[in-house]
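Asks: Structure provided below as structure tokens; questions to follow.
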Amino acid sequence: TADVTFLLLGGLATSVMGRDRRVTDIDLFVRDRDVPRTLSALEGAGFETLVVSSNWLAKGFKDDVLVDVISRSTHDITLTDEILERSVEVDVHGRRLPCVAPEDLIVMKAVATEEDTARYWHDALSLLGRADLDWDYLARRAKQHGAKRLLALVFFAQSMDLLVPEEIVSELLDAVRTVGSQAGG
């Protein structure tokens, strides 16, 4: 086996930690420096590999299995020591696998707002329904990568009667106002 540090993310992570949804691939989050080793490991397991974009995405194909090797998520979110420390173990068909924390997955899903990623909003909402979220960590990560988008998400979540603490709404609103007043003044 290759000695590659990875975390699950994407649809499989959402299905395990949030809402059950159709999963078409396996998304692995790795450091930039680990992409070649990850692709070598996939090739060793019989996968055909392809580098789609050298700054964020490679793929492995075998039979009906697609593996996306992701080194950079939307808003330049990379696999950092902090994300690794916050990671969780999840059960995927009887295997314990490392996965990005739900808070990091919420941020990644909320800031990815392309036309073909509309389902990510619902993925993030399903994760917001978890009782074990670290709201302070979520707020801090949101301020780093997209306070406005997370604020919109938590406002909407409250309108759906999800139990979102008022404190995170206030904290993100303050962050958005501070950035807005700095830009205007």
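By order in the structure tokens, chains are A, B, ...; within a chain, residues start at 1; ligands start at 1, following the order shown.
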Find the residues near Met17 (chain A): any atom within 8 Å, counting only C-alpha atoms, skip ones fewer than 4 places away on the same chain, and give them as a list in words.

Replies: Ala13, Val90, Pro102 and Leu127 of chain A

Asks: So that I have them on file, write out the residues from the current selection with N, CA and C atoms, as a PDB file, in the first residue's frame.

Replies:
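So out09.pdb came out as:
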```
ATOM      1  N   ALA A  13     -18.640  11.348   1.282  1.00  0.00           N
ATOM      2  CA  ALA A  13     -18.591  11.902   2.638  1.00  0.00           C
ATOM      3  C   ALA A  13     -19.958  12.439   3.049  1.00  0.00           C
ATOM      4  N   VAL A  90     -15.117   7.474   9.354  1.00  0.00           N
ATOM      5  CA  VAL A  90     -16.481   7.104   8.974  1.00  0.00           C
ATOM      6  C   VAL A  90     -16.492   5.651   8.514  1.00  0.00           C
ATOM      7  N   PRO A 102     -17.223  17.315   9.288  1.00  0.00           N
ATOM      8  CA  PRO A 102     -18.443  17.872   8.695  1.00  0.00           C
ATOM      9  C   PRO A 102     -18.377  19.392   8.536  1.00  0.00           C
ATOM     10  N   LEU A 127     -25.750  18.433   6.401  1.00  0.00           N
ATOM     11  CA  LEU A 127     -24.677  18.373   7.394  1.00  0.00           C
ATOM     12  C   LEU A 127     -24.932  19.345   8.541  1.00  0.00           C
TER      13      LEU A 127
END
```

Asks: Identify, with DSSP run on backbone atoms, the residues in region 28-156 of chain A assigned to helix (DSSP H, G or I), and express the list as a tab-separated table (two decimals) with C-alpha atoms, in the first residue's frame.

Replies:
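This is the output file states-v5.tsv:
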```tsv
chain	number	residue	atom	x	y	z
A	32	ASP	CA	-0.29	18.52	-3.80
A	33	ARG	CA	2.95	16.67	-3.13
A	34	ASP	CA	1.04	13.37	-2.71
A	35	VAL	CA	-0.79	13.42	-6.05
A	36	PRO	CA	1.93	11.48	-7.97
A	37	ARG	CA	2.15	8.83	-5.23
A	38	THR	CA	-1.65	8.53	-5.12
A	39	LEU	CA	-1.79	8.05	-8.88
A	40	SER	CA	1.00	5.43	-8.69
A	41	ALA	CA	-0.96	3.56	-6.02
A	42	LEU	CA	-4.08	3.65	-8.19
A	43	GLU	CA	-2.09	2.43	-11.21
A	44	GLY	CA	-0.69	-0.38	-9.06
A	74	THR	CA	-13.05	25.72	-4.26
A	75	HIS	CA	-11.56	28.92	-2.79
A	76	ASP	CA	-8.11	27.30	-2.68
A	81	ASP	CA	-2.53	19.95	9.19
A	82	GLU	CA	-5.57	21.57	10.82
A	83	ILE	CA	-7.99	19.82	8.48
A	84	LEU	CA	-6.19	16.53	9.13
A	85	GLU	CA	-6.36	17.05	12.89
A	86	ARG	CA	-10.09	17.77	12.67
A	102	PRO	CA	-18.44	17.87	8.70
A	103	GLU	CA	-17.61	21.54	9.37
A	104	ASP	CA	-14.96	21.59	6.63
A	105	LEU	CA	-17.27	19.76	4.25
A	106	ILE	CA	-20.02	22.33	4.93
A	107	VAL	CA	-17.65	25.17	4.04
A	108	MET	CA	-16.43	23.40	0.88
A	109	LYS	CA	-19.99	22.70	-0.23
A	110	ALA	CA	-21.28	26.19	0.58
A	111	VAL	CA	-18.55	28.06	-1.31
A	115	GLU	CA	-24.35	25.83	-11.94
A	116	ASP	CA	-23.43	22.13	-11.86
A	117	THR	CA	-22.97	22.15	-8.06
A	119	ARG	CA	-26.91	19.98	-5.08
A	120	TYR	CA	-24.01	21.00	-2.81
A	121	TRP	CA	-26.32	23.49	-1.06
A	122	HIS	CA	-28.58	20.61	0.00
A	123	ASP	CA	-25.54	18.54	0.96
A	124	ALA	CA	-24.39	21.37	3.26
A	125	LEU	CA	-27.88	21.74	4.74
A	126	SER	CA	-27.98	18.04	5.57
A	127	LEU	CA	-24.68	18.37	7.39
A	128	LEU	CA	-25.92	21.43	9.31
A	135	TRP	CA	-19.94	25.86	15.60
A	136	ASP	CA	-16.88	27.89	16.64
A	137	TYR	CA	-14.69	25.96	14.21
A	138	LEU	CA	-17.32	26.26	11.47
A	139	ALA	CA	-17.50	30.03	11.97
A	140	ARG	CA	-13.72	30.38	11.86
A	141	ARG	CA	-13.43	28.30	8.68
A	142	ALA	CA	-16.33	30.21	7.12
A	143	LYS	CA	-14.58	33.53	7.80
A	144	GLN	CA	-11.47	32.19	6.08
A	145	HIS	CA	-13.22	30.94	2.96
A	147	ALA	CA	-18.47	34.23	5.32
A	148	LYS	CA	-21.20	35.63	3.04
A	149	ARG	CA	-22.01	32.24	1.50
A	150	LEU	CA	-22.05	30.53	4.88
A	151	LEU	CA	-24.19	33.31	6.30
A	152	ALA	CA	-26.71	32.77	3.50
A	153	LEU	CA	-26.65	29.04	4.19
A	154	VAL	CA	-27.23	29.34	7.94
A	155	PHE	CA	-29.99	31.95	7.43
A	156	PHE	CA	-31.70	29.54	5.05
```

Asks: Take CA of Val16 (chain A) and CA of Leu172 (chain A) and report the distance between them in Å, one decimal.

Replies: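 Computing it gives 27.3 Å between the two atoms.
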
Asks: Please provide the set of residues having any atom within 6 Å of Cys99 (chain A), restricted to only C-alpha atoms, with same-chain residues fewer than 4 positions apart removed, written as a list in words.

Replies: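 Contacts, with the query itself left out: Leu7, Leu8, Ser87, Val88 and Glu89 of chain A.
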
Asks: Out of A:Leu133, A:Val67, A:Val30, A:Val23, which residue has the shortest atom-to-atom distance to Ile168 (chain A) when counting only C-alpha atoms?

Replies: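 Residue with the minimum atom-to-atom distance to Ile168 (chain A): A:Leu133.
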
Asks: Using only C-alpha atoms for the distances, tell me which of A:Ser170, A:Ala112, A:Ile26, A:Gln158 is nearest to Val92 (chain A).

Replies: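 The answer is A:Ile26, which sits nearest to Val92 (chain A).
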
Asks: From the DSSP assignment of the backbone, select every residue of region 35-150 of chain A that is strand (DSSP E or B), and format the answer as a count of residues only.

Replies: 30

Asks: When you count only C-alpha atoms, which of these residues is closest to Leu162 (chain A): A:Arg177, A:His93, A:Arg72, A:Arg130?

Replies: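 Of the candidates, the smallest distance to Leu162 (chain A) is held by A:Arg130.
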